[in-house]
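**Q** Here you go, one structure.
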Amino acid sequence: MDPPSPLTPKAQNGRDEELKAYKEYEDIASTLPCELLGSFPIPKYQNFFYPNHLVSTTIAVQSTFQPRPSDIILATQPKSGTTWLKSIIFCILNRARFAFDDDHPLLHSSPHDLFPFLHTLYEDRTLPIELLASMPSPRLLATHNPLSSLPASVLDSGCRIVYLCRNPKDAFVSMWHYIDQTIPSTIKRPSIEELFEPFSKGIMAYGPLWDHVLEYWEESLRRPEKVMFLKYEDMMDNAGANVRKLADFLEMAFTEDEEKEGVVEEIVRFCSFEKMSTVKVNKEGKHGKDSCHTFCNSAFFRKGKVGDWKEHMSEEMARRLDDIVEKKLQGSGLTFQK
Ligand code: PPS
């Protein structure tokens, strides 16, 4: 392996500044109250729980991210179909640029590389100001962060936010499997019961889930032209109709010719679980730069079904979660299927 190239004095200066800023963010993070998620401490910052290593990143995003009006921000609850929607939005936006053939970028790069999470760009205690500034518009940026944690300038900028959530029971089961796939082999896997107890109290990465969903839901009611609210189940039920709605929202509506040529159906097929889960980079590629948080991309593709919770949750657990979610969402106009 090549040795790392030495930083120039100017770059080193910038790096020192970044590390100094991060030290401040980490100092704030170190004072936060924590709950336990299995054997992991999970800190609470401004009413939401975060993966331990991503609190300082969240503060860094809050402090330094500068949105553009043209940005497209995909915000999701974890395990709600982020990977899927990244592919779909990438295809909608780039359909004139890339044919759906063997050279298509989604057949060679993970959707998470083509449409990065903000927290990934801020990884390794960096402030990617120049990188973000150099990205062409419209920038595609994703986040699991709650709306209230994003800098106020995100809403002020007028950029578009697409929000995707999923039936909490399926999101929970998907998360349980994902933890199993991604935590280091030396750490004991939590049983579904061990994970359910904290989850039902809202203690989960980017939880409480219901508060996360409600923040974006309410903003989508206030400003439907800027915040689009989607559910995984609706996407599954009629992906084509939702791809059209998304294209309209992104001001990239399909032309009559494209409709005749079946471009919408092509995007749906191209981004389907069946297709994407068999792509080599999604089966064998690695996610993450930092060796502590590296795992196989296949962890993003499990079953891709609605209602798989029935195979894993007891009736009692399901009833409890339904009751909690129903109470929390009461009066909002938002519901999930029981
Ligand atoms: S993450 O880690 O939050 O980004 O994960 P996320 O992508 O949000 O969610 C993973 C779940 O989405 C399923 N998935 C898909 N469903 C339908 N179509 C496509 N193309 C697709 N790709 C991934 C994936 O299988 C996870 O759900 P489960 O229920 O675990 O199968």
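Residues in the structure tokens are named by chain (A, B, ... in the order shown) and by number from 1 within that chain; ligands are numbered from 1 in the order shown.
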Neighbours of Ser298 (chain A) within 9 Å (only C-alpha atoms; same-chain residues fewer than 2 positions away dropped), as a PyMOL selection string?
**A** chain A and resi 181+277+281-286+295-296+300-302
**Q** Residues contacting ligand 1 - anything with an atom at most 7 Å away, using only C-alpha atoms and all ligand atoms - can you give me those as a list in words?
**A**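 Going residue by residue within 7 Å of ligand 1, we get Thr76, Gln77, Pro78, Lys79, Ser80, Gly81, Thr82, Thr83, Trp84, Asp170, Ala171, Val173, Ser174, Met175, His177, Tyr178, Cys271, Ser272, Phe273, Met276, Ser277, Phe300, Phe301, Arg302, Lys303, Gly304, Lys305 and Asp308 of chain A.
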**Q** Since we have the selection now, will you write its residues out, keeping C-alpha atoms, as a CSV table (one decimal), in the first residue's frame?
**A**
chain,number,residue,atom,x,y,z
A,76,THR,CA,-35.3,9.3,5.6
A,77,GLN,CA,-35.8,7.3,8.7
A,78,PRO,CA,-33.2,4.6,8.6
A,79,LYS,CA,-34.3,1.4,6.9
A,80,SER,CA,-37.1,3.1,5.1
A,81,GLY,CA,-35.9,2.5,1.6
A,82,THR,CA,-33.2,5.2,1.3
A,83,THR,CA,-31.0,3.1,-1.0
A,84,TRP,CA,-34.0,2.6,-3.3
A,170,ASP,CA,-41.0,-3.1,9.1
A,171,ALA,CA,-38.5,-0.4,9.8
A,173,VAL,CA,-37.3,-5.4,11.9
A,174,SER,CA,-35.1,-4.2,9.0
A,175,MET,CA,-33.0,-2.3,11.6
A,177,HIS,CA,-31.3,-7.4,10.8
A,178,TYR,CA,-29.1,-4.5,9.7
A,271,CYS,CA,-34.2,0.4,-9.5
A,272,SER,CA,-36.2,-2.6,-8.4
A,273,PHE,CA,-34.9,-4.7,-5.5
A,276,MET,CA,-30.3,-3.6,-7.7
A,277,SER,CA,-29.6,-6.4,-5.2
A,300,PHE,CA,-28.6,-2.5,2.4
A,301,PHE,CA,-30.5,-5.3,0.5
A,302,ARG,CA,-32.3,-7.9,2.5
A,303,LYS,CA,-35.9,-8.7,1.4
A,304,GLY,CA,-37.5,-5.5,0.2
A,305,LYS,CA,-41.0,-6.6,1.2
A,308,ASP,CA,-42.1,-8.9,6.8
**Q** Quick one: residues within 9 Å of region 27-32 of chain A, only C-alpha atoms, excluding same-chain residues fewer than 3 positions away - as a PyMOL selection string?
**A** chain A and resi 22-24+43-45+52+55-56+59
**Q** Keeping N, CA, C and O atoms for every residue in the selection just given, could you write it to a file as an mmCIF file, in the first residue's frame?
**A**
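Result file again-v4.cif:
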data_model
loop_
_atom_site.group_PDB
_atom_site.id
_atom_site.type_symbol
_atom_site.label_atom_id
_atom_site.label_comp_id
_atom_site.auth_asym_id
_atom_site.auth_seq_id
_atom_site.Cartn_x
_atom_site.Cartn_y
_atom_site.Cartn_z
ATOM 1 N N TYR A 22 -13.681 20.263 15.223
ATOM 2 C CA TYR A 22 -14.240 18.967 15.645
ATOM 3 C C TYR A 22 -14.050 18.706 17.128
ATOM 4 O O TYR A 22 -14.890 18.095 17.772
ATOM 5 N N LYS A 23 -12.925 19.183 17.659
ATOM 6 C CA LYS A 23 -12.661 18.996 19.090
ATOM 7 C C LYS A 23 -13.789 19.658 19.888
ATOM 8 O O LYS A 23 -14.302 19.100 20.847
ATOM 9 N N GLU A 24 -14.185 20.852 19.417
ATOM 10 C CA GLU A 24 -15.293 21.557 20.095
ATOM 11 C C GLU A 24 -16.580 20.750 20.002
ATOM 12 O O GLU A 24 -17.304 20.596 20.982
ATOM 13 N N PRO A 43 -26.317 8.565 22.502
ATOM 14 C CA PRO A 43 -26.506 9.897 23.080
ATOM 15 C C PRO A 43 -27.743 10.612 22.553
ATOM 16 O O PRO A 43 -28.172 10.375 21.416
ATOM 17 N N LYS A 44 -28.281 11.477 23.405
ATOM 18 C CA LYS A 44 -29.442 12.286 23.021
ATOM 19 C C LYS A 44 -28.977 13.719 22.821
ATOM 20 O O LYS A 44 -28.362 14.314 23.716
ATOM 21 N N TYR A 45 -29.260 14.238 21.653
ATOM 22 C CA TYR A 45 -28.867 15.611 21.332
ATOM 23 C C TYR A 45 -30.098 16.335 20.785
ATOM 24 O O TYR A 45 -30.702 15.876 19.803
ATOM 25 N N ASN A 52 -23.471 7.029 18.289
ATOM 26 C CA ASN A 52 -22.465 7.733 19.089
ATOM 27 C C ASN A 52 -21.467 8.535 18.234
ATOM 28 O O ASN A 52 -21.167 9.691 18.520
ATOM 29 N N VAL A 55 -22.721 12.182 16.455
ATOM 30 C CA VAL A 55 -23.222 13.403 17.098
ATOM 31 C C VAL A 55 -22.359 14.592 16.684
ATOM 32 O O VAL A 55 -22.864 15.639 16.267
ATOM 33 N N SER A 56 -21.043 14.415 16.765
ATOM 34 C CA SER A 56 -20.179 15.551 16.410
ATOM 35 C C SER A 56 -20.353 15.896 14.932
ATOM 36 O O SER A 56 -20.278 17.078 14.543
ATOM 37 N N ILE A 59 -23.373 18.043 14.616
ATOM 38 C CA ILE A 59 -23.091 19.424 15.035
ATOM 39 C C ILE A 59 -22.266 20.136 13.949
ATOM 40 O O ILE A 59 -22.481 21.314 13.657
#
**Q** To one decimal place, how far is CA of Gly202 (chain A) from CA of Leu147 (chain A) in Å?
**A**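 Value for the CA of Gly202 (chain A)-CA of Leu147 (chain A) distance: 16.4 Å.
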**Q** Could you tell me which of A:Ser149, A:Ser220, A:Thr182, A:Ser332 comes closest to Ser63 (chain A) if we count only C-alpha atoms?
**A**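 The closest residue to Ser63 (chain A) is A:Ser149.
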**Q** Measuring between only C-alpha atoms, which one of A:Ile267, A:Leu114, A:Met236, A:Ile89 shows the shortest distance to Asp248 (chain A)?
**A** A:Ile89
**Q** Please list as an MDAnalysis selection string every residue within 9 Å of Asn145 (chain A), counting only C-alpha atoms and excluding residues in the same chain fewer than 4 positions away.
**A** chainID A and resid 48 50 58 75:77 149:150 206 212
**Q** Could you give me, as a list in words, the residues within 7 Å of region 191-200 of chain A, counting only C-alpha atoms and dropping anything in the same chain fewer than 3 positions from it?
**A**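 My reading of the contact set: Leu37, Gly38, Trp176, Ile203, Met204 and Leu321 of chain A.
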**Q** For N, CA, C and O atoms, I'd like the residues from the last selection saved as a PDB file, in the first residue's frame.
**A**
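Output saved as part.pdb:
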ATOM      1  N   LEU A  37     -28.511   1.136  23.919  1.00  0.00           N
ATOM      2  CA  LEU A  37     -29.187   0.383  22.866  1.00  0.00           C
ATOM      3  C   LEU A  37     -28.412  -0.925  22.762  1.00  0.00           C
ATOM      4  O   LEU A  37     -27.331  -0.955  22.184  1.00  0.00           O
ATOM      5  N   GLY A  38     -28.951  -1.994  23.367  1.00  0.00           N
ATOM      6  CA  GLY A  38     -28.149  -3.201  23.529  1.00  0.00           C
ATOM      7  C   GLY A  38     -26.960  -2.828  24.377  1.00  0.00           C
ATOM      8  O   GLY A  38     -27.099  -2.237  25.454  1.00  0.00           O
ATOM      9  N   TRP A 176     -33.169  -4.272  12.936  1.00  0.00           N
ATOM     10  CA  TRP A 176     -32.645  -5.387  13.742  1.00  0.00           C
ATOM     11  C   TRP A 176     -31.713  -6.259  12.883  1.00  0.00           C
ATOM     12  O   TRP A 176     -30.605  -6.603  13.298  1.00  0.00           O
ATOM     13  N   ILE A 203     -35.863   5.046  21.639  1.00  0.00           N
ATOM     14  CA  ILE A 203     -34.398   5.019  21.693  1.00  0.00           C
ATOM     15  C   ILE A 203     -33.861   4.164  20.548  1.00  0.00           C
ATOM     16  O   ILE A 203     -33.887   2.933  20.599  1.00  0.00           O
ATOM     17  N   MET A 204     -33.450   4.836  19.503  1.00  0.00           N
ATOM     18  CA  MET A 204     -32.928   4.193  18.293  1.00  0.00           C
ATOM     19  C   MET A 204     -32.226   5.283  17.512  1.00  0.00           C
ATOM     20  O   MET A 204     -32.539   6.466  17.715  1.00  0.00           O
ATOM     21  N   LEU A 321     -46.424  -1.659  19.641  1.00  0.00           N
ATOM     22  CA  LEU A 321     -45.848  -0.613  18.782  1.00  0.00           C
ATOM     23  C   LEU A 321     -46.952   0.145  18.047  1.00  0.00           C
ATOM     24  O   LEU A 321     -46.917   1.384  17.957  1.00  0.00           O
TER      25      LEU A 321
END
**Q** Choose the residue, out of A:Asn238, A:Ser39, A:Thr64, A:Ser70, that has the smallest atom-to-atom separation from Pro138 (chain A); count only C-alpha atoms.
**A**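 Counting only C-alpha atoms, the residue closest to Pro138 (chain A) is A:Ser70.
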**Q** Quick one: residues within 8 Å of Ala60 (chain A), only C-alpha atoms, excluding same-chain residues fewer than 5 positions away - as a list in words?
**A**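 Contacts, in chain order: Tyr22, Tyr25, Phe65, Tyr122 and Leu127 of chain A.
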**Q** Those residues with all heavy atoms, as a compact mmCIF listing (two decimals), in the first residue's frame please?
**A**
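Full text of selection.txt as output:
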# COMPACT_ATOMS: atom_id res chain seq x y z
N TYR A 22 -13.68 20.26 15.22
CA TYR A 22 -14.24 18.97 15.65
C TYR A 22 -14.05 18.71 17.13
O TYR A 22 -14.89 18.09 17.77
CB TYR A 22 -13.65 17.83 14.81
CG TYR A 22 -14.67 17.35 13.78
CD1 TYR A 22 -14.68 17.87 12.51
CD2 TYR A 22 -15.66 16.45 14.13
CE1 TYR A 22 -15.64 17.49 11.58
CE2 TYR A 22 -16.62 16.06 13.22
CZ TYR A 22 -16.60 16.58 11.95
OH TYR A 22 -17.56 16.20 11.05
N TYR A 25 -16.87 20.22 18.80
CA TYR A 25 -18.10 19.44 18.62
C TYR A 25 -18.05 18.18 19.49
O TYR A 25 -19.05 17.79 20.08
CB TYR A 25 -18.30 19.04 17.15
CG TYR A 25 -18.21 20.18 16.15
CD1 TYR A 25 -17.68 19.98 14.87
CD2 TYR A 25 -18.65 21.46 16.49
CE1 TYR A 25 -17.60 21.02 13.96
CE2 TYR A 25 -18.57 22.51 15.57
CZ TYR A 25 -18.04 22.28 14.32
OH TYR A 25 -17.95 23.31 13.42
N PHE A 65 -22.79 23.51 7.19
CA PHE A 65 -23.38 23.17 5.88
C PHE A 65 -24.10 24.38 5.29
O PHE A 65 -24.92 25.01 5.95
CB PHE A 65 -24.34 21.99 6.00
CG PHE A 65 -25.06 21.69 4.70
CD1 PHE A 65 -24.34 21.36 3.56
CD2 PHE A 65 -26.44 21.77 4.62
CE1 PHE A 65 -24.98 21.10 2.35
CE2 PHE A 65 -27.10 21.53 3.42
CZ PHE A 65 -26.37 21.19 2.28
N TYR A 122 -18.82 14.24 5.87
CA TYR A 122 -18.18 14.83 7.05
C TYR A 122 -17.37 13.79 7.85
O TYR A 122 -16.88 14.09 8.93
CB TYR A 122 -19.24 15.46 7.96
CG TYR A 122 -19.68 16.84 7.54
CD1 TYR A 122 -20.55 17.03 6.47
CD2 TYR A 122 -19.23 17.98 8.21
CE1 TYR A 122 -20.97 18.29 6.09
CE2 TYR A 122 -19.66 19.25 7.83
CZ TYR A 122 -20.53 19.40 6.77
OH TYR A 122 -20.94 20.65 6.40
N LEU A 127 -14.38 18.85 7.50
CA LEU A 127 -15.42 19.82 7.15
C LEU A 127 -15.33 19.98 5.63
O LEU A 127 -14.44 20.69 5.15
CB LEU A 127 -15.18 21.16 7.86
CG LEU A 127 -15.15 21.10 9.39
CD1 LEU A 127 -14.80 22.47 9.98
CD2 LEU A 127 -16.49 20.64 9.95
**Q** Enumerate the residues of region 28-62 of chain A with a DSSP assignment of alpha helix (DSSP H), computed from the backbone, and present them as JSON, numbers by chain.
**A** {"A": [28, 29, 30, 55, 56, 57, 58, 59, 60, 61, 62]}
**Q** Quick one: which region 193-280 of chain A residues come within 8 Å of region 93-103 of chain A, and what is the nearest atom pair for each with the distance in Å to one decimal, counting only C-alpha atoms, rows ordered by chain and ascending number, as a Markdown table?
**A**
| residue | atom | partner | partner_atom | distance |
| --- | --- | --- | --- | --- |
| A:Met252 | CA | A:Leu93 | CA | 7.1 |
| A:Glu266 | CA | A:Phe100 | CA | 7.8 |
| A:Phe270 | CA | A:Phe100 | CA | 7.4 |
**Q** Which one is closest to Pro105 (chain A): A:Val325, A:Ser157, A:Phe249, A:Val279? Count only C-alpha atoms.
**A**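 Closest candidate: A:Val279.
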